[in-house]
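Content type mmCIF, N, CA and C atoms, from the file data_36.cif:
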data_start
#
loop_
_atom_site.label_atom_id
_atom_site.label_comp_id
_atom_site.auth_asym_id
_atom_site.auth_seq_id
_atom_site.Cartn_x
_atom_site.Cartn_y
_atom_site.Cartn_z
N MET A 29 255.77 -23.37 -85.66
CA MET A 29 256.76 -23.34 -86.71
C MET A 29 257.36 -21.93 -86.78
N PHE A 30 258.65 -21.85 -86.99
CA PHE A 30 259.38 -20.60 -87.09
C PHE A 30 259.40 -20.21 -88.57
N LYS A 31 258.63 -19.21 -88.95
CA LYS A 31 258.43 -18.88 -90.37
C LYS A 31 259.29 -17.73 -90.83
N THR A 32 260.59 -17.97 -90.90
CA THR A 32 261.52 -16.99 -91.45
C THR A 32 262.74 -17.75 -91.95
N PHE A 33 263.50 -17.15 -92.82
CA PHE A 33 264.69 -17.79 -93.35
C PHE A 33 265.88 -17.46 -92.47
N ILE A 34 266.59 -18.49 -92.05
CA ILE A 34 267.74 -18.36 -91.17
C ILE A 34 269.01 -18.28 -92.01
N LYS A 35 269.81 -17.25 -91.74
CA LYS A 35 271.08 -17.02 -92.44
C LYS A 35 272.24 -17.68 -91.69
N GLN A 36 272.18 -17.64 -90.34
CA GLN A 36 273.29 -18.14 -89.53
C GLN A 36 272.77 -18.60 -88.18
N VAL A 37 273.42 -19.63 -87.64
CA VAL A 37 273.14 -20.14 -86.30
C VAL A 37 274.43 -20.11 -85.51
N SER A 38 274.36 -19.70 -84.25
CA SER A 38 275.53 -19.68 -83.38
C SER A 38 275.11 -20.20 -82.02
N CYS A 39 275.95 -21.04 -81.41
CA CYS A 39 275.59 -21.67 -80.14
C CYS A 39 276.68 -21.45 -79.09
N GLY A 40 276.25 -21.13 -77.86
CA GLY A 40 277.14 -21.02 -76.71
C GLY A 40 276.95 -22.22 -75.82
N ASN A 41 277.35 -22.09 -74.55
CA ASN A 41 277.20 -23.21 -73.63
C ASN A 41 275.76 -23.59 -73.37
N HIS A 42 274.93 -22.57 -73.08
CA HIS A 42 273.54 -22.84 -72.73
C HIS A 42 272.58 -21.93 -73.48
N HIS A 43 272.99 -21.43 -74.62
CA HIS A 43 272.15 -20.53 -75.41
C HIS A 43 272.45 -20.70 -76.90
N SER A 44 271.51 -20.27 -77.71
CA SER A 44 271.67 -20.31 -79.16
C SER A 44 271.14 -19.01 -79.75
N ALA A 45 271.63 -18.69 -80.94
CA ALA A 45 271.19 -17.48 -81.63
C ALA A 45 270.89 -17.82 -83.09
N LEU A 46 269.83 -17.20 -83.60
CA LEU A 46 269.43 -17.37 -84.99
C LEU A 46 269.44 -16.00 -85.64
N LEU A 47 270.17 -15.87 -86.73
CA LEU A 47 270.22 -14.62 -87.48
C LEU A 47 269.43 -14.83 -88.77
N THR A 48 268.44 -13.97 -89.00
CA THR A 48 267.61 -14.11 -90.19
C THR A 48 268.25 -13.41 -91.39
N ILE A 49 267.75 -13.72 -92.56
CA ILE A 49 268.28 -13.06 -93.76
C ILE A 49 267.93 -11.57 -93.76
N ASP A 50 266.98 -11.17 -92.93
CA ASP A 50 266.60 -9.76 -92.80
C ASP A 50 267.43 -9.02 -91.76
N GLY A 51 268.41 -9.72 -91.14
CA GLY A 51 269.28 -9.08 -90.16
C GLY A 51 268.70 -9.00 -88.76
N LEU A 52 267.66 -9.77 -88.50
CA LEU A 52 267.07 -9.82 -87.15
C LEU A 52 267.70 -10.95 -86.35
N LEU A 53 267.83 -10.73 -85.05
CA LEU A 53 268.46 -11.71 -84.19
C LEU A 53 267.44 -12.27 -83.20
N TYR A 54 267.38 -13.58 -83.12
CA TYR A 54 266.54 -14.28 -82.16
C TYR A 54 267.47 -15.11 -81.27
N THR A 55 267.23 -15.08 -79.97
CA THR A 55 268.03 -15.88 -79.05
C THR A 55 267.12 -16.77 -78.22
N MET A 56 267.70 -17.83 -77.68
CA MET A 56 266.95 -18.77 -76.84
C MET A 56 267.91 -19.50 -75.92
N GLY A 57 267.38 -20.00 -74.84
CA GLY A 57 268.18 -20.73 -73.87
C GLY A 57 268.32 -19.94 -72.58
N SER A 58 269.46 -20.10 -71.92
CA SER A 58 269.71 -19.46 -70.63
C SER A 58 270.07 -17.99 -70.81
N ASN A 59 269.48 -17.16 -69.96
CA ASN A 59 269.75 -15.72 -69.98
C ASN A 59 270.69 -15.33 -68.84
N ILE A 60 271.40 -16.29 -68.27
CA ILE A 60 272.34 -15.98 -67.19
C ILE A 60 273.35 -14.96 -67.70
N HIS A 61 273.64 -13.96 -66.90
CA HIS A 61 274.58 -12.88 -67.23
C HIS A 61 274.09 -11.99 -68.37
N GLY A 62 272.83 -12.11 -68.77
CA GLY A 62 272.31 -11.29 -69.87
C GLY A 62 272.69 -11.80 -71.24
N THR A 63 273.04 -13.07 -71.32
CA THR A 63 273.54 -13.65 -72.56
C THR A 63 272.59 -13.51 -73.75
N LEU A 64 271.28 -13.49 -73.50
CA LEU A 64 270.33 -13.44 -74.61
C LEU A 64 270.14 -12.04 -75.18
N GLY A 65 270.64 -11.02 -74.48
CA GLY A 65 270.52 -9.66 -74.98
C GLY A 65 269.12 -9.08 -74.88
N LEU A 66 268.31 -9.61 -73.98
CA LEU A 66 266.92 -9.21 -73.85
C LEU A 66 266.70 -8.14 -72.79
N GLY A 67 267.76 -7.63 -72.20
CA GLY A 67 267.64 -6.60 -71.18
C GLY A 67 267.74 -7.17 -69.78
N ASN A 68 267.84 -6.28 -68.82
CA ASN A 68 267.96 -6.67 -67.42
C ASN A 68 266.58 -6.61 -66.77
N THR A 69 265.69 -7.46 -67.24
CA THR A 69 264.31 -7.42 -66.74
C THR A 69 264.16 -8.17 -65.42
N GLY A 70 265.08 -9.07 -65.12
CA GLY A 70 265.01 -9.82 -63.88
C GLY A 70 264.02 -10.97 -63.92
N ASN A 71 263.13 -10.99 -64.90
CA ASN A 71 262.15 -12.06 -64.94
C ASN A 71 262.34 -13.01 -66.12
N ILE A 72 263.35 -12.79 -66.93
CA ILE A 72 263.62 -13.70 -68.04
C ILE A 72 264.89 -14.47 -67.74
N ASN A 73 264.73 -15.63 -67.12
CA ASN A 73 265.88 -16.48 -66.84
C ASN A 73 266.18 -17.41 -68.00
N TYR A 74 265.14 -17.79 -68.71
CA TYR A 74 265.27 -18.69 -69.86
C TYR A 74 264.28 -18.26 -70.93
N ALA A 75 264.65 -18.44 -72.17
CA ALA A 75 263.72 -18.28 -73.29
C ALA A 75 263.64 -19.65 -73.95
N PHE A 76 262.48 -20.25 -73.90
CA PHE A 76 262.30 -21.61 -74.42
C PHE A 76 261.93 -21.63 -75.90
N ARG A 77 261.72 -20.45 -76.46
CA ARG A 77 261.45 -20.31 -77.90
C ARG A 77 262.32 -19.16 -78.42
N PRO A 78 262.60 -19.13 -79.69
CA PRO A 78 263.36 -18.00 -80.24
C PRO A 78 262.67 -16.68 -79.90
N THR A 79 263.44 -15.76 -79.29
CA THR A 79 262.91 -14.47 -78.84
C THR A 79 263.67 -13.35 -79.52
N LEU A 80 262.97 -12.42 -80.12
CA LEU A 80 263.58 -11.33 -80.87
C LEU A 80 264.37 -10.42 -79.93
N VAL A 81 265.61 -10.12 -80.31
CA VAL A 81 266.43 -9.14 -79.61
C VAL A 81 266.10 -7.79 -80.25
N LYS A 82 265.32 -6.98 -79.55
CA LYS A 82 264.79 -5.74 -80.11
C LYS A 82 265.80 -4.60 -80.15
N GLU A 83 266.89 -4.72 -79.40
CA GLU A 83 267.85 -3.62 -79.27
C GLU A 83 268.76 -3.45 -80.48
N ILE A 84 268.76 -4.42 -81.40
CA ILE A 84 269.67 -4.33 -82.54
C ILE A 84 269.02 -4.97 -83.77
N THR A 85 269.20 -4.34 -84.92
CA THR A 85 268.70 -4.87 -86.19
C THR A 85 269.80 -4.73 -87.24
N ASP A 86 269.53 -5.19 -88.42
CA ASP A 86 270.47 -5.10 -89.55
C ASP A 86 271.81 -5.74 -89.24
N ILE A 87 271.80 -6.87 -88.59
CA ILE A 87 273.02 -7.59 -88.22
C ILE A 87 273.54 -8.36 -89.43
N ASP A 88 274.86 -8.36 -89.58
CA ASP A 88 275.51 -9.11 -90.66
C ASP A 88 275.96 -10.50 -90.20
N GLN A 89 276.51 -10.59 -88.99
CA GLN A 89 276.99 -11.86 -88.45
C GLN A 89 276.81 -11.86 -86.94
N VAL A 90 276.70 -13.06 -86.38
CA VAL A 90 276.59 -13.21 -84.93
C VAL A 90 277.51 -14.34 -84.48
N PHE A 91 278.08 -14.18 -83.28
CA PHE A 91 279.01 -15.15 -82.73
C PHE A 91 278.69 -15.37 -81.25
N SER A 92 278.80 -16.59 -80.79
CA SER A 92 278.52 -16.90 -79.39
C SER A 92 279.78 -17.37 -78.69
N GLY A 93 279.98 -16.84 -77.47
CA GLY A 93 280.99 -17.37 -76.57
C GLY A 93 280.29 -18.24 -75.55
N SER A 94 280.98 -18.62 -74.51
CA SER A 94 280.37 -19.46 -73.49
C SER A 94 279.17 -18.79 -72.86
N PHE A 95 279.33 -17.54 -72.41
CA PHE A 95 278.25 -16.80 -71.75
C PHE A 95 278.15 -15.37 -72.27
N HIS A 96 278.60 -15.14 -73.49
CA HIS A 96 278.49 -13.81 -74.09
C HIS A 96 278.28 -13.95 -75.59
N MET A 97 277.89 -12.85 -76.22
CA MET A 97 277.65 -12.86 -77.65
C MET A 97 278.24 -11.62 -78.30
N CYS A 98 278.54 -11.74 -79.59
CA CYS A 98 279.05 -10.63 -80.39
C CYS A 98 278.26 -10.58 -81.69
N ALA A 99 278.06 -9.38 -82.19
CA ALA A 99 277.40 -9.21 -83.48
C ALA A 99 278.14 -8.15 -84.27
N LEU A 100 278.21 -8.35 -85.57
CA LEU A 100 278.76 -7.34 -86.48
C LEU A 100 277.60 -6.70 -87.23
N ARG A 101 277.61 -5.38 -87.25
CA ARG A 101 276.60 -4.63 -87.98
C ARG A 101 277.29 -3.49 -88.71
N GLN A 102 277.32 -3.58 -90.02
CA GLN A 102 277.95 -2.57 -90.86
C GLN A 102 279.37 -2.25 -90.39
N GLY A 103 280.14 -3.28 -90.09
CA GLY A 103 281.53 -3.13 -89.68
C GLY A 103 281.73 -2.72 -88.24
N GLU A 104 280.66 -2.60 -87.47
CA GLU A 104 280.77 -2.22 -86.06
C GLU A 104 280.49 -3.44 -85.18
N LEU A 105 281.20 -3.52 -84.06
CA LEU A 105 281.09 -4.65 -83.16
C LEU A 105 280.18 -4.31 -81.99
N TYR A 106 279.24 -5.19 -81.70
CA TYR A 106 278.35 -5.10 -80.56
C TYR A 106 278.54 -6.35 -79.71
N THR A 107 278.60 -6.19 -78.39
CA THR A 107 278.76 -7.33 -77.50
C THR A 107 277.80 -7.22 -76.33
N TRP A 108 277.54 -8.36 -75.69
CA TRP A 108 276.71 -8.39 -74.49
C TRP A 108 276.86 -9.74 -73.81
N GLY A 109 276.43 -9.80 -72.55
CA GLY A 109 276.52 -11.03 -71.77
C GLY A 109 277.50 -10.88 -70.63
N LYS A 110 278.17 -11.97 -70.30
CA LYS A 110 279.10 -12.00 -69.18
C LYS A 110 280.39 -11.27 -69.54
N GLY A 111 280.75 -10.28 -68.71
CA GLY A 111 281.93 -9.48 -69.00
C GLY A 111 282.97 -9.52 -67.90
N ILE A 112 282.91 -10.50 -67.02
CA ILE A 112 283.76 -10.56 -65.83
C ILE A 112 285.25 -10.54 -66.15
N ASP A 113 285.64 -11.00 -67.32
CA ASP A 113 287.06 -11.02 -67.68
C ASP A 113 287.40 -9.94 -68.71
N GLY A 114 286.50 -9.01 -68.93
CA GLY A 114 286.74 -7.95 -69.91
C GLY A 114 286.53 -8.37 -71.34
N GLN A 115 285.98 -9.57 -71.56
CA GLN A 115 285.85 -10.11 -72.92
C GLN A 115 284.86 -9.36 -73.80
N LEU A 116 284.06 -8.47 -73.23
CA LEU A 116 283.11 -7.72 -74.04
C LEU A 116 283.73 -6.50 -74.72
N GLY A 117 284.89 -6.07 -74.22
CA GLY A 117 285.60 -4.97 -74.86
C GLY A 117 285.10 -3.58 -74.52
N HIS A 118 284.34 -3.44 -73.44
CA HIS A 118 283.80 -2.14 -73.06
C HIS A 118 284.66 -1.43 -72.01
N GLY A 119 285.84 -1.96 -71.73
CA GLY A 119 286.76 -1.31 -70.81
C GLY A 119 286.44 -1.55 -69.34
N ASN A 120 285.62 -2.55 -69.07
CA ASN A 120 285.29 -2.88 -67.68
C ASN A 120 285.04 -4.38 -67.55
N MET A 121 284.64 -4.79 -66.38
CA MET A 121 284.37 -6.21 -66.15
C MET A 121 282.92 -6.41 -65.72
N LYS A 122 282.02 -5.70 -66.39
CA LYS A 122 280.59 -5.76 -66.06
C LYS A 122 279.83 -6.60 -67.06
N ASN A 123 278.74 -7.19 -66.60
CA ASN A 123 277.81 -7.86 -67.50
C ASN A 123 277.01 -6.79 -68.24
N ILE A 124 276.75 -7.03 -69.51
CA ILE A 124 275.97 -6.11 -70.33
C ILE A 124 274.73 -6.89 -70.79
N PHE A 125 273.55 -6.32 -70.60
CA PHE A 125 272.31 -7.05 -70.80
C PHE A 125 271.63 -6.81 -72.14
N VAL A 126 272.13 -5.87 -72.91
CA VAL A 126 271.61 -5.62 -74.26
C VAL A 126 272.81 -5.39 -75.18
N PRO A 127 272.66 -5.65 -76.48
CA PRO A 127 273.75 -5.39 -77.41
C PRO A 127 274.25 -3.96 -77.28
N SER A 128 275.55 -3.81 -77.07
CA SER A 128 276.16 -2.50 -76.87
C SER A 128 277.37 -2.36 -77.78
N LYS A 129 277.46 -1.23 -78.45
CA LYS A 129 278.55 -0.99 -79.41
C LYS A 129 279.88 -0.86 -78.68
N VAL A 130 280.87 -1.56 -79.18
CA VAL A 130 282.23 -1.46 -78.67
C VAL A 130 282.88 -0.27 -79.34
N GLN A 131 283.43 0.64 -78.54
CA GLN A 131 284.04 1.84 -79.08
C GLN A 131 285.33 1.50 -79.82
N ALA A 132 285.69 2.34 -80.77
CA ALA A 132 286.88 2.12 -81.59
C ALA A 132 288.13 2.01 -80.71
N LEU A 133 289.04 1.20 -81.18
CA LEU A 133 290.30 1.01 -80.46
C LEU A 133 291.16 2.27 -80.53
N GLY A 134 291.83 2.55 -79.44
CA GLY A 134 292.76 3.67 -79.40
C GLY A 134 294.16 3.21 -79.77
N ASN A 135 295.14 4.05 -79.51
CA ASN A 135 296.52 3.71 -79.81
C ASN A 135 297.19 2.93 -78.70
N ASP A 136 296.44 2.57 -77.67
CA ASP A 136 297.03 1.87 -76.54
C ASP A 136 297.04 0.36 -76.70
N VAL A 137 296.80 -0.14 -77.91
CA VAL A 137 296.78 -1.57 -78.15
C VAL A 137 298.16 -2.06 -78.50
#
Entire entry expressed as structure tokens:
Amino acid sequence: MFKTFIKQVSCGNHHSALLTIDGLLYTMGSNIHGTLGLGNTGNINYAFRPTLVKEITDIDQVFSGSFHMCALRQGELYTWGKGIDGQLGHGNMKNIFVPSKVQALGNDV
């Protein structure tokens, strides 16, 4: 039994995320492209139970894309997962394996 209060649930193609009322994030499902935010360990292909994402706490909201995730924490955006199309907002097309803060937008938008 999962003994915590869930504030929000978000689901992608092959993964799900649970946000607790304490601002902790648990992910489960496929870790392809680093979607679960558990790091680039190479040995976690799937999480069959909710697994704590240790790299980020105090989350306000979480959102899932097909193979990537976004979280808001105190007005700041964090993204991770598949970045092949630049959808993570880090200025490149790389996969990110842990929640990473997106830098503020410049005047080039």
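Each of A:Val126, A:Met97, A:Ile72, A:Ile60 was compared to Ser44 of chain A using only C-alpha atoms, and A:Met97 turns out to be the nearest.
Against the coordinates shown, the PyMOL selection byres ((chain A and resi 45) around 8) returns Gln36, Val37, Ser38, Cys39, Gly40, His43, Ser44, Leu46, Leu47, Thr48, Leu53, Tyr54, Thr55, Met56, Gly57, Pro78, Val90, Phe91 and Ser92 of chain A.
With only C-alpha atoms as the atoms that count, the minimum distance from Phe76 of chain A to the choices A:Lys31, A:Arg101, A:His42, A:Lys129 is reached by A:His42.
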Worksheet item: What lies within 12 Å of Gly103 of chain A using only C-alpha atoms, ignoring chain neighbours under 4 positions off, as an MDAnalysis selection string?
Response: chainID A and resid 86:89 99 129:132
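For the pair atom CA of Gln115 of chain A and atom CA of His61 of chain A, the interatomic distance is 12.9 Å.
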Worksheet entry | Selection dump of the PyMOL selection byres ((chain A and resi 122) around 5), as JSON, numbers by chain | {"A": [111, 112, 120, 121, 123, 124]}
Store the residues of this selection in a file with N, CA and C atoms, as a CSV table (one decimal), in the frame of the given file.
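Final output, selection.csv:
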chain,number,residue,atom,x,y,z
A,111,GLY,N,280.8,-10.3,-68.7
A,111,GLY,CA,281.9,-9.5,-69.0
A,111,GLY,C,283.0,-9.5,-67.9
A,112,ILE,N,282.9,-10.5,-67.0
A,112,ILE,CA,283.8,-10.6,-65.8
A,112,ILE,C,285.2,-10.5,-66.2
A,120,ASN,N,285.6,-2.6,-69.1
A,120,ASN,CA,285.3,-2.9,-67.7
A,120,ASN,C,285.0,-4.4,-67.6
A,121,MET,N,284.6,-4.8,-66.4
A,121,MET,CA,284.4,-6.2,-66.2
A,121,MET,C,282.9,-6.4,-65.7
A,123,ASN,N,278.7,-7.2,-66.6
A,123,ASN,CA,277.8,-7.9,-67.5
A,123,ASN,C,277.0,-6.8,-68.2
A,124,ILE,N,276.8,-7.0,-69.5
A,124,ILE,CA,276.0,-6.1,-70.3
A,124,ILE,C,274.7,-6.9,-70.8
Worksheet item: Looking at all atoms listed in the file, which of A:Lys35, A:Lys82, A:Lys110, A:His118 is the one that sits closest to Phe95 of chain A?
Response: A:Lys110
Response to the item:
Across A:Asn41, A:Thr32, A:Ser128, A:Asn71, the smallest distance to Ser58 of chain A, with only C-alpha atoms counted, is shown by A:Asn41
Given 8 Å of margin on each side, can you work out the centre and size in Å (one decimal) of an axis-aligned box holding every listed atom of segment 81-94 of chain A, as lines of an AutoDock Vina configuration file?
center_x = 272.9
center_y = -11.5
center_z = -81.8
size_x = 32.2
size_y = 32.0
size_z = 33.8
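Taking atom CA of Tyr74 of chain A and atom CA of Gln102 of chain A as the two end points, the separation is 29.4 Å.
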Worksheet item: DSSP says strand (DSSP E) for which residues of chain A? Put them as a PyMOL selection string?
Response: chain A and resi 34-39+43-48+53-58+74-80+89-92+96-101+104-109+124-129
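The coordinates place atom CA of His96 of chain A at 5.2 Å from atom CA of Thr63 of chain A.
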